>>> print(open('structure.cif').read())   # mmCIF, C-alpha atoms
data_final
loop_
_atom_site.label_atom_id
_atom_site.label_comp_id
_atom_site.auth_asym_id
_atom_site.auth_seq_id
_atom_site.Cartn_x
_atom_site.Cartn_y
_atom_site.Cartn_z
CA MET C 1486 0.00 0.00 0.00
CA LEU C 1487 1.22 3.52 -0.80
CA LYS C 1488 1.37 5.82 2.15
CA ALA C 1489 -1.25 8.49 2.53
CA GLY C 1490 1.10 11.32 1.59
CA PHE C 1491 1.65 9.85 -1.85
CA LEU C 1492 -1.95 8.77 -2.34
CA CYS C 1493 -3.04 12.36 -1.79
CA LEU C 1494 -0.98 13.72 -4.68
CA LEU C 1495 -2.73 16.52 -6.49
CA PHE C 1496 -2.35 17.34 -10.12
CA ALA C 1497 -0.59 20.56 -11.05
CA THR C 1498 -1.50 22.77 -14.01
CA SER C 1499 0.12 25.76 -15.57
CA GLN C 1500 -2.31 27.94 -13.59
CA SER C 1501 -1.71 25.97 -10.37
CA VAL C 1502 -5.35 24.87 -10.40
CA GLN C 1503 -6.30 21.26 -9.73
CA LEU C 1504 -7.02 19.32 -12.90
CA PRO C 1505 -9.96 16.97 -13.27
CA ALA C 1506 -9.33 13.51 -11.84
CA GLN C 1507 -7.29 11.29 -14.11
CA ASP C 1508 -10.19 8.97 -14.85
CA GLN C 1509 -12.25 11.97 -16.01
CA LEU C 1510 -9.81 13.06 -18.70
CA SER C 1511 -11.84 11.23 -21.37
CA ALA C 1512 -12.86 7.77 -20.32
CA GLY C 1513 -14.41 5.00 -22.31
CA LYS C 1514 -13.67 6.03 -25.88
CA ASN C 1515 -12.52 3.65 -28.58
CA ASN C 1516 -8.77 3.43 -29.12
CA GLN C 1517 -8.23 5.56 -26.05
CA VAL C 1518 -4.63 5.68 -25.00
CA THR C 1519 -3.77 5.50 -21.31
CA LEU C 1520 -0.48 5.87 -19.48
CA LYS C 1521 0.55 4.46 -16.10
CA TYR C 1522 3.62 5.50 -14.15
CA MET C 1523 5.60 2.64 -12.61
CA GLY C 1524 8.22 4.71 -10.84
CA ALA C 1525 11.80 5.59 -11.85
CA ALA C 1526 11.60 6.07 -15.65
CA GLY C 1527 9.02 3.31 -16.10
CA TRP C 1528 5.71 3.70 -17.97
CA GLU C 1529 2.98 1.56 -19.44
CA ILE C 1530 1.29 2.97 -22.54
CA GLY C 1531 -1.67 1.09 -23.99
CA ASP C 1532 -4.97 1.20 -25.82
CA GLY C 1533 -6.51 -2.04 -24.53
CA SER C 1534 -5.05 -4.02 -27.43
CA THR C 1535 -1.39 -3.04 -27.58
CA THR C 1536 0.76 -2.56 -24.48
CA ILE C 1537 4.04 -0.66 -24.72
CA LEU C 1538 6.39 -0.43 -21.75
CA VAL C 1539 9.14 2.16 -21.37
CA ASP C 1540 12.03 1.34 -18.98
CA PRO C 1541 9.88 -0.89 -16.73
CA TYR C 1542 11.48 -1.27 -13.29
CA ILE C 1543 9.29 -2.71 -10.54
CA SER C 1544 11.77 -4.50 -8.26
CA ARG C 1545 13.14 -1.32 -6.63
CA ILE C 1546 16.02 -3.14 -4.96
CA ASN C 1547 18.20 -1.56 -2.28
CA GLY C 1548 20.98 -1.12 -4.79
CA PRO C 1549 23.88 1.27 -5.32
CA ALA C 1550 23.01 4.94 -5.67
CA PRO C 1551 23.96 6.82 -8.84
CA PRO C 1552 27.07 9.03 -8.69
CA GLY C 1553 26.20 12.18 -6.80
CA GLY C 1554 22.83 10.76 -5.76
CA GLY C 1555 20.84 11.29 -8.97
CA SER C 1556 17.21 10.34 -8.35
CA GLY C 1557 18.11 7.47 -6.01
CA HIS C 1558 18.96 7.96 -2.35
CA ILE C 1559 19.70 5.32 0.28
CA ILE C 1560 16.94 5.13 2.89
CA THR C 1561 18.11 5.44 6.49
CA GLY C 1562 17.17 2.32 8.46
CA ASP C 1563 16.30 0.28 5.36
CA SER C 1564 16.29 -3.35 6.51
CA ARG C 1565 16.31 -4.87 3.05
CA ARG C 1566 19.44 -6.48 1.69
CA ALA C 1567 21.86 -3.89 0.34
CA TYR C 1568 23.31 -4.82 -3.05
CA GLY C 1569 26.73 -3.74 -4.26
CA TRP C 1570 28.01 -3.52 -7.82
CA GLY C 1571 29.59 -6.97 -7.58
CA ASP C 1572 26.37 -8.63 -6.40
CA ILE C 1573 23.78 -10.52 -8.41
CA ALA C 1574 20.37 -9.01 -7.75
CA SER C 1575 17.26 -11.07 -8.41
CA PRO C 1576 14.20 -9.23 -9.75
CA ASP C 1577 11.08 -9.23 -7.58
CA LEU C 1578 9.12 -11.66 -9.75
CA ALA C 1579 5.94 -11.47 -7.69
CA ALA C 1580 5.84 -7.68 -7.92
CA ILE C 1581 6.58 -7.70 -11.64
CA ASP C 1582 3.89 -10.28 -12.35
CA SER C 1583 1.40 -8.36 -10.22
CA HIS C 1584 1.86 -5.11 -12.10
CA ILE C 1585 2.79 -6.31 -15.60
CA PRO C 1586 0.44 -9.07 -16.76
CA ARG C 1587 1.24 -8.49 -20.44
CA ALA C 1588 3.47 -6.52 -22.78
CA ASP C 1589 3.82 -6.37 -26.54
CA PHE C 1590 6.78 -3.99 -26.81
CA VAL C 1591 9.41 -2.81 -24.35
CA LEU C 1592 11.42 0.33 -25.12
CA ILE C 1593 14.68 0.80 -23.22
CA THR C 1594 16.40 4.19 -23.16
CA HIS C 1595 19.72 2.97 -21.74
CA THR C 1596 21.29 0.06 -19.90
CA HIS C 1597 21.40 1.05 -16.23
CA TYR C 1598 20.04 -1.39 -13.68
CA ASP C 1599 17.09 0.84 -12.75
CA HIS C 1600 16.01 0.53 -16.40
CA ILE C 1601 17.05 -3.02 -17.36
CA LEU C 1602 17.01 -5.28 -14.28
CA ASP C 1603 13.40 -6.48 -14.73
CA VAL C 1604 13.37 -6.59 -18.52
CA PRO C 1605 14.73 -10.14 -19.09
CA HIS C 1606 11.94 -11.61 -16.95
CA ILE C 1607 9.31 -9.44 -18.65
CA ALA C 1608 10.54 -10.41 -22.11
CA LEU C 1609 10.72 -14.13 -21.30
CA LYS C 1610 7.30 -14.08 -19.63
CA THR C 1611 5.38 -12.05 -22.21
CA GLY C 1612 7.30 -12.64 -25.44
CA ALA C 1613 7.42 -8.87 -25.92
CA VAL C 1614 9.64 -7.30 -28.55
CA VAL C 1615 12.42 -5.29 -26.89
CA VAL C 1616 13.78 -2.20 -28.63
CA GLY C 1617 17.11 -0.88 -27.41
CA THR C 1618 20.80 -0.43 -27.97
CA GLU C 1619 23.32 -3.19 -28.52
CA SER C 1620 24.21 -2.89 -24.84
CA THR C 1621 20.61 -3.56 -23.83
CA GLN C 1622 20.28 -6.51 -26.18
CA ASN C 1623 23.49 -8.13 -24.93
CA VAL C 1624 22.05 -8.16 -21.41
CA LEU C 1625 18.86 -9.80 -22.71
CA ARG C 1626 20.83 -12.34 -24.74
CA ALA C 1627 22.68 -13.32 -21.58
CA TYR C 1628 19.31 -14.33 -20.09
CA GLY C 1629 18.23 -16.33 -23.12
CA VAL C 1630 15.74 -13.91 -24.67
CA ARG C 1631 15.13 -15.05 -28.25
CA GLU C 1632 16.81 -13.11 -31.02
CA GLU C 1633 13.46 -12.67 -32.79
CA GLN C 1634 12.33 -10.53 -29.84
CA LEU C 1635 15.26 -8.12 -30.06
CA ILE C 1636 15.33 -5.02 -32.27
CA THR C 1637 18.65 -3.24 -31.96
CA VAL C 1638 18.65 0.50 -32.65
CA ARG C 1639 21.12 3.37 -32.44
CA GLY C 1640 18.92 6.43 -33.04
CA GLY C 1641 17.46 7.73 -36.29
CA GLU C 1642 15.26 4.71 -37.03
CA ASP C 1643 11.58 5.31 -37.74
CA TYR C 1644 9.55 2.09 -37.73
CA GLN C 1645 5.90 1.13 -38.15
CA PHE C 1646 4.52 -1.49 -35.75
CA GLY C 1647 0.88 -2.22 -36.48
CA SER C 1648 -1.18 0.28 -34.48
CA PHE C 1649 1.73 2.59 -33.64
CA SER C 1650 4.95 3.93 -35.13
CA LEU C 1651 8.23 4.58 -33.35
CA LYS C 1652 10.89 7.17 -34.05
CA VAL C 1653 14.15 6.45 -32.21
CA ILE C 1654 15.92 9.64 -31.17
CA PRO C 1655 19.59 9.96 -30.17
CA SER C 1656 19.81 11.41 -26.70
CA ILE C 1657 22.24 11.87 -23.82
CA HIS C 1658 22.34 10.76 -20.19
CA SER C 1659 21.64 12.89 -17.14
CA PRO C 1660 24.62 14.99 -15.94
CA LEU C 1661 25.17 13.03 -12.73
CA ASP C 1662 27.81 13.85 -10.12
CA HIS C 1663 27.80 17.56 -10.97
CA LYS C 1664 28.53 17.00 -14.65
CA HIS C 1665 31.35 14.51 -14.01
CA TYR C 1666 29.38 11.46 -15.16
CA PHE C 1667 30.52 10.10 -18.50
CA SER C 1668 30.35 6.56 -19.82
CA SER C 1669 31.26 5.10 -23.18
CA ALA C 1670 30.92 1.53 -21.89
CA THR C 1671 28.68 -1.05 -23.57
CA ALA C 1672 27.59 -4.37 -22.10
CA PRO C 1673 29.63 -6.85 -24.13
CA ALA C 1674 28.36 -9.77 -26.18
CA GLY C 1675 28.76 -13.30 -24.88
CA MET C 1676 27.86 -12.74 -21.23
CA LYS C 1677 26.13 -15.53 -19.32
CA ALA C 1678 23.43 -15.03 -16.72
CA PRO C 1679 23.10 -14.40 -13.88
CA LEU C 1680 24.80 -11.03 -14.21
CA THR C 1681 26.10 -8.78 -11.47
CA LEU C 1682 24.73 -5.26 -11.27
CA GLU C 1683 28.01 -3.98 -12.68
CA GLN C 1684 27.71 -6.29 -15.70
CA MET C 1685 24.22 -5.08 -16.56
CA HIS C 1686 24.89 -1.41 -15.83
CA PRO C 1687 27.02 -0.07 -18.73
CA GLU C 1688 24.98 2.79 -20.18
CA GLY C 1689 25.63 1.82 -23.79
CA GLY C 1690 24.35 5.15 -25.10
CA THR C 1691 21.02 6.83 -24.39
CA LEU C 1692 17.91 7.09 -26.56
CA ALA C 1693 14.53 8.80 -26.48
CA TYR C 1694 11.41 7.57 -28.27
CA LEU C 1695 8.59 9.29 -30.14
CA ILE C 1696 5.57 6.98 -30.02
CA ARG C 1697 2.82 7.82 -32.50
CA PHE C 1698 -0.20 5.97 -31.12
CA HIS C 1699 -3.63 6.60 -32.65
CA SER C 1700 -4.01 10.40 -32.66
CA HIS C 1701 -1.28 11.01 -30.09
CA GLN C 1702 2.43 11.67 -30.30
CA ILE C 1703 4.13 10.73 -27.04
CA LEU C 1704 7.79 11.63 -26.54
CA ALA C 1705 9.48 9.55 -23.83
CA PHE C 1706 12.78 10.42 -22.17
CA GLY C 1707 14.60 8.15 -19.72
CA GLY C 1708 16.65 10.78 -17.93
CA MET C 1709 17.40 14.43 -17.37
CA ASN C 1710 19.02 15.49 -20.63
CA TYR C 1711 18.43 15.75 -24.38
CA ILE C 1712 20.09 16.80 -27.62
CA GLU C 1713 18.20 19.86 -28.76
CA ARG C 1714 18.94 19.52 -32.47
CA GLU C 1715 17.58 15.94 -32.50
CA LEU C 1716 14.21 17.24 -31.28
CA ALA C 1717 13.84 19.98 -33.87
CA GLY C 1718 10.60 19.64 -35.83
CA LEU C 1719 8.92 17.30 -33.35
CA GLU C 1720 5.54 18.42 -32.04
CA PRO C 1721 4.41 15.82 -29.49
CA ASN C 1722 1.24 16.48 -27.56
CA VAL C 1723 2.50 14.43 -24.58
CA VAL C 1724 6.05 14.48 -23.21
CA LEU C 1725 7.48 12.30 -20.44
CA VAL C 1726 10.16 14.68 -19.17
CA GLY C 1727 12.99 13.70 -16.84
CA ALA C 1728 12.39 15.80 -13.74
CA GLY C 1729 15.10 14.69 -11.29
CA ALA C 1730 17.37 17.21 -9.59
CA SER C 1731 20.26 16.71 -12.02
CA ARG C 1732 18.26 18.59 -14.66
CA LYS C 1733 19.38 21.77 -12.87
CA GLU C 1734 22.87 21.12 -14.23
CA ILE C 1735 21.52 21.78 -17.75
CA TYR C 1736 21.24 25.32 -19.13
CA ASP C 1737 17.58 26.45 -19.39
CA TYR C 1738 16.50 22.82 -19.31
CA SER C 1739 12.73 23.27 -19.28
CA GLY C 1740 12.60 26.45 -21.35
CA ARG C 1741 14.65 25.15 -24.25
CA LEU C 1742 12.76 21.86 -24.24
CA MET C 1743 9.31 23.47 -24.31
CA ARG C 1744 10.28 25.91 -27.06
CA THR C 1745 11.93 23.23 -29.19
CA LEU C 1746 8.88 20.97 -28.91
CA SER C 1747 6.44 23.80 -29.76
CA TYR C 1748 4.85 23.88 -26.30
CA PRO C 1749 3.24 20.43 -25.86
CA ALA C 1750 -0.24 20.14 -24.39
CA LEU C 1751 0.72 17.75 -21.58
CA VAL C 1752 3.91 17.13 -19.61
CA LEU C 1753 4.29 14.14 -17.29
CA PRO C 1754 7.39 14.22 -15.07
CA THR C 1755 9.43 11.02 -15.05
CA HIS C 1756 12.46 9.69 -13.14
CA TRP C 1757 11.83 12.10 -10.27
CA ASP C 1758 11.08 9.66 -7.45
CA ASN C 1759 13.56 7.89 -5.17
CA PHE C 1760 13.79 4.57 -7.01
CA LEU C 1761 15.87 3.00 -4.22
CA ALA C 1762 12.85 3.23 -1.90
CA PRO C 1763 10.06 0.62 -1.83
CA TYR C 1764 6.67 1.67 -3.14
CA SER C 1765 5.42 1.68 0.45
CA THR C 1766 7.85 4.44 1.47
CA SER C 1767 6.67 8.05 1.38
CA GLN C 1768 7.99 10.01 -1.59
CA GLN C 1769 7.20 13.35 0.03
CA PRO C 1770 10.79 14.69 -0.16
CA ALA C 1771 10.87 13.91 -3.89
CA LEU C 1772 7.42 15.44 -4.34
CA ASP C 1773 8.51 18.60 -2.59
CA ALA C 1774 11.58 18.83 -4.83
CA LEU C 1775 9.40 18.23 -7.90
CA GLN C 1776 7.48 21.46 -7.40
CA SER C 1777 10.34 23.49 -8.85
CA PHE C 1778 10.08 21.44 -12.06
CA VAL C 1779 6.35 22.13 -12.28
CA GLN C 1780 7.07 25.84 -11.86
CA GLU C 1781 9.73 25.73 -14.59
CA ILE C 1782 7.33 24.17 -17.09
CA THR C 1783 4.59 26.62 -16.09
CA ALA C 1784 6.88 29.58 -16.67
CA ALA C 1785 8.16 28.28 -20.01
CA SER C 1786 4.83 27.06 -21.39
CA PRO C 1787 1.81 28.53 -19.58
CA LYS C 1788 -0.77 26.55 -21.58
CA THR C 1789 0.88 23.20 -20.91
CA ARG C 1790 -0.76 20.94 -18.34
CA VAL C 1791 1.57 19.22 -15.90
CA ILE C 1792 0.24 16.10 -14.20
CA VAL C 1793 2.20 14.58 -11.34
CA PRO C 1794 1.48 10.87 -11.81
CA LYS C 1795 0.50 8.44 -9.10
CA TYR C 1796 2.01 4.96 -9.19
CA PHE C 1797 -0.01 2.62 -11.44
CA GLU C 1798 -3.00 4.98 -11.85
CA ALA C 1799 -4.21 5.31 -15.41
CA ILE C 1800 -3.97 8.71 -17.07
CA ALA C 1801 -6.38 8.66 -20.01
CA LEU C 1802 -5.52 10.87 -22.94
CA PRO C 1803 -8.46 12.72 -24.52
CA ALA C 1804 -9.39 11.44 -27.95
CA LYS C 1805 -8.41 13.98 -30.60
#
>>> encode(input="structure.cif", output="structure tokens")
Amino acid sequence: MLKAGFLCLLFATSQSVQLPAQDQLSAGKNNQVTLKYMGAAGWEIGDGSTTILVDPYISRINGPAPPGGGSGHIITGDSRRAYGWGDIASPDLAAIDSHIPRADFVLITHTHYDHILDVPHIALKTGAVVVGTESTQNVLRAYGVREEQLITVRGGEDYQFGSFSLKVIPSIHSPLDHKHYFSSATAPAGMKAPLTLEQMHPEGGTLAYLIRFHSHQILAFGGMNYIERELAGLEPNVVLVGAGASRKEIYDYSGRLMRTLSYPALVLPTHWDNFLAPYSTSQQPALDALQSFVQEITAASPKTRVIVPKYFEAIALPAK
């Protein structure tokens, strides 16, 4: 159960007025697209027939924190096992199965454990097609995911998949550790499971994804950075924007993004919570810190709605 502080999250808008409840945003229409936040950078996007996951991470292990803290902070008094980089961490299969009964496609932005740890089990369980970098696919190969399920991309691809299309966009990782984070490492081919956290953690390059689904264009980021020129000409109506504290290391982060994307109708903050904390732990400190992000978007794009998502609650997009 989520604690009361998190259950009582209110939506924020550009005018700081409470939005209608999520289930009132346009319920019950054919081909309606809904989004659910799974914590960290994880999302479920679906229309009742096709389910797309982005960076699904349910296990929320007590693992190593990113350099400089990032969006993950060790919880004082946490009694769970603490995992180090040299440890093998097992996904929480019961939690994954409870929250992810099906998946058709899984999109991975980069190969850090808070993005990839649960994906082998999800892929093996559901048979979903996984789209990601060579680094991502080498981790999945280590766990025996079939080659037919793996689509390796590098950025620039634009593919049609039945009811949706997918533009793969080159991107860049969050500026962790006060801009000192840099990684050119890729998870190598030929690894054998089980893998340590260090083995499955090489970034392998970072991507963003533009998902064109029915009448919507949803742009999904997996961290707090972007390459402005790669976004030129895109006009998504929904953007999943990395909202963790490291975004403040980027010049005019929210303003440049909103202007480049022609002021999208809806922004959903992502990767803002403390992903080292169990779902049952209050996220109030992260919520308090998130308010500055909401204010940044409001100032840069007054007509844009900002919805602070609740874990696993459906946000229904209005039919266009």
>>> resolve_selection(input="structure.cif", expression="the PyMOL selection byres ((chain C and resi 1515-1531) around 6)", output="short mmCIF file (atom, residue, chain, number, x, y, z; two decimals) with C-alpha atoms, in the frame of the given file")
data_model
loop_
_atom_site.label_atom_id
_atom_site.label_comp_id
_atom_site.auth_asym_id
_atom_site.auth_seq_id
_atom_site.Cartn_x
_atom_site.Cartn_y
_atom_site.Cartn_z
CA LYS C 1514 -13.67 6.03 -25.88
CA ASP C 1532 -4.97 1.20 -25.82
CA GLY C 1533 -6.51 -2.04 -24.53
CA THR C 1535 -1.39 -3.04 -27.58
CA THR C 1536 0.76 -2.56 -24.48
CA ILE C 1537 4.04 -0.66 -24.72
CA LEU C 1538 6.39 -0.43 -21.75
CA VAL C 1539 9.14 2.16 -21.37
CA ASP C 1540 12.03 1.34 -18.98
CA PRO C 1541 9.88 -0.89 -16.73
CA TYR C 1542 11.48 -1.27 -13.29
CA GLY C 1707 14.60 8.15 -19.72
CA THR C 1755 9.43 11.02 -15.05
CA HIS C 1756 12.46 9.69 -13.14
CA PHE C 1760 13.79 4.57 -7.01
CA TYR C 1796 2.01 4.96 -9.19
CA PHE C 1797 -0.01 2.62 -11.44
CA GLU C 1798 -3.00 4.98 -11.85
CA ALA C 1799 -4.21 5.31 -15.41
CA ILE C 1800 -3.97 8.71 -17.07
CA ALA C 1801 -6.38 8.66 -20.01
CA LEU C 1802 -5.52 10.87 -22.94
#
>>> residues_around(input="structure.cif", residues="C:Glu1781", least_positions_apart="5", cutoff="9 Å", atoms="all atoms listed in the file", output="PyMOL selection string")
chain C and resi 1738-1740+1776+1786
>>> resolve_selection(input="structure.cif", expression="the PyMOL selection byres ((chain C and resi 1761) around 6)", output="list in words")
Arg1545, Asn1547, Gly1557, Asn1759, Phe1760 and Ala1762 of chain C
>>> resolve_selection(input="structure.cif", expression="the PyMOL selection byres ((chain C and resi 1713-1720) around 10)", output="JSON, numbers by chain")
{"C": [1640, 1641, 1654, 1655, 1656, 1693, 1695, 1702, 1703, 1704, 1710, 1711, 1712, 1721, 1722, 1723, 1724, 1741, 1742, 1743, 1744, 1745, 1746, 1747, 1748, 1749, 1750]}
>>> write_last_selection(input="structure.cif", atoms="C-alpha atoms", output="short mmCIF file (atom, residue, chain, number, x, y, z; two decimals), keeping the file's coordinate frame")
data_model
loop_
_atom_site.label_atom_id
_atom_site.label_comp_id
_atom_site.auth_asym_id
_atom_site.auth_seq_id
_atom_site.Cartn_x
_atom_site.Cartn_y
_atom_site.Cartn_z
CA GLY C 1640 18.92 6.43 -33.04
CA GLY C 1641 17.46 7.73 -36.29
CA ILE C 1654 15.92 9.64 -31.17
CA PRO C 1655 19.59 9.96 -30.17
CA SER C 1656 19.81 11.41 -26.70
CA ALA C 1693 14.53 8.80 -26.48
CA LEU C 1695 8.59 9.29 -30.14
CA GLN C 1702 2.43 11.67 -30.30
CA ILE C 1703 4.13 10.73 -27.04
CA LEU C 1704 7.79 11.63 -26.54
CA ASN C 1710 19.02 15.49 -20.63
CA TYR C 1711 18.43 15.75 -24.38
CA ILE C 1712 20.09 16.80 -27.62
CA PRO C 1721 4.41 15.82 -29.49
CA ASN C 1722 1.24 16.48 -27.56
CA VAL C 1723 2.50 14.43 -24.58
CA VAL C 1724 6.05 14.48 -23.21
CA ARG C 1741 14.65 25.15 -24.25
CA LEU C 1742 12.76 21.86 -24.24
CA MET C 1743 9.31 23.47 -24.31
CA ARG C 1744 10.28 25.91 -27.06
CA THR C 1745 11.93 23.23 -29.19
CA LEU C 1746 8.88 20.97 -28.91
CA SER C 1747 6.44 23.80 -29.76
CA TYR C 1748 4.85 23.88 -26.30
CA PRO C 1749 3.24 20.43 -25.86
CA ALA C 1750 -0.24 20.14 -24.39
#
>>> atom_distance(input="structure.cif", atom1="atom CA of C:Asp1589", atom2="atom CA of C:Thr1611")
7.3 Å
>>> residues_around(input="structure.cif", residues="C:Ala1567", least_positions_apart="2", cutoff="10 Å", atoms="all atoms listed in the file", output="list in words")
Ile1546, Asn1547, Gly1548, Pro1549, Ile1559, Asp1563, Ser1564, Arg1565, Gly1569, Asp1572 and Ala1574 of chain C
>>> write_last_selection(input="structure.cif", atoms="C-alpha atoms", output="compact mmCIF listing (two decimals), in the frame of the given file")
# COMPACT_ATOMS: atom_id res chain seq x y z
CA ILE C 1546 16.02 -3.14 -4.96
CA ASN C 1547 18.20 -1.56 -2.28
CA GLY C 1548 20.98 -1.12 -4.79
CA PRO C 1549 23.88 1.27 -5.32
CA ILE C 1559 19.70 5.32 0.28
CA ASP C 1563 16.30 0.28 5.36
CA SER C 1564 16.29 -3.35 6.51
CA ARG C 1565 16.31 -4.87 3.05
CA GLY C 1569 26.73 -3.74 -4.26
CA ASP C 1572 26.37 -8.63 -6.40
CA ALA C 1574 20.37 -9.01 -7.75
>>> atom_distance(input="structure.cif", atom1="atom CA of C:Ile1543", atom2="atom CA of C:Ile1581")
5.8 Å
>>> closest_residue(input="structure.cif", among="C:Val1614, C:Gly1689, C:Leu1592, C:Ala1730", to="C:Pro1770", atoms="all atoms listed in the file")
C:Ala1730
>>> atom_distance(input="structure.cif", atom1="atom CA of C:Val1624", atom2="atom CA of C:Ser1650")
25.0 Å
>>> closest_residue(input="structure.cif", among="C:Thr1783, C:Thr1789, C:Thr1637, C:Ser1777", to="C:Glu1619", atoms="all atoms listed in the file")
C:Thr1637
>>> closest_residue(input="structure.cif", among="C:Ser1700, C:Pro1687, C:Leu1692, C:His1658", to="C:Ser1620", atoms="only C-alpha atoms")
C:Pro1687
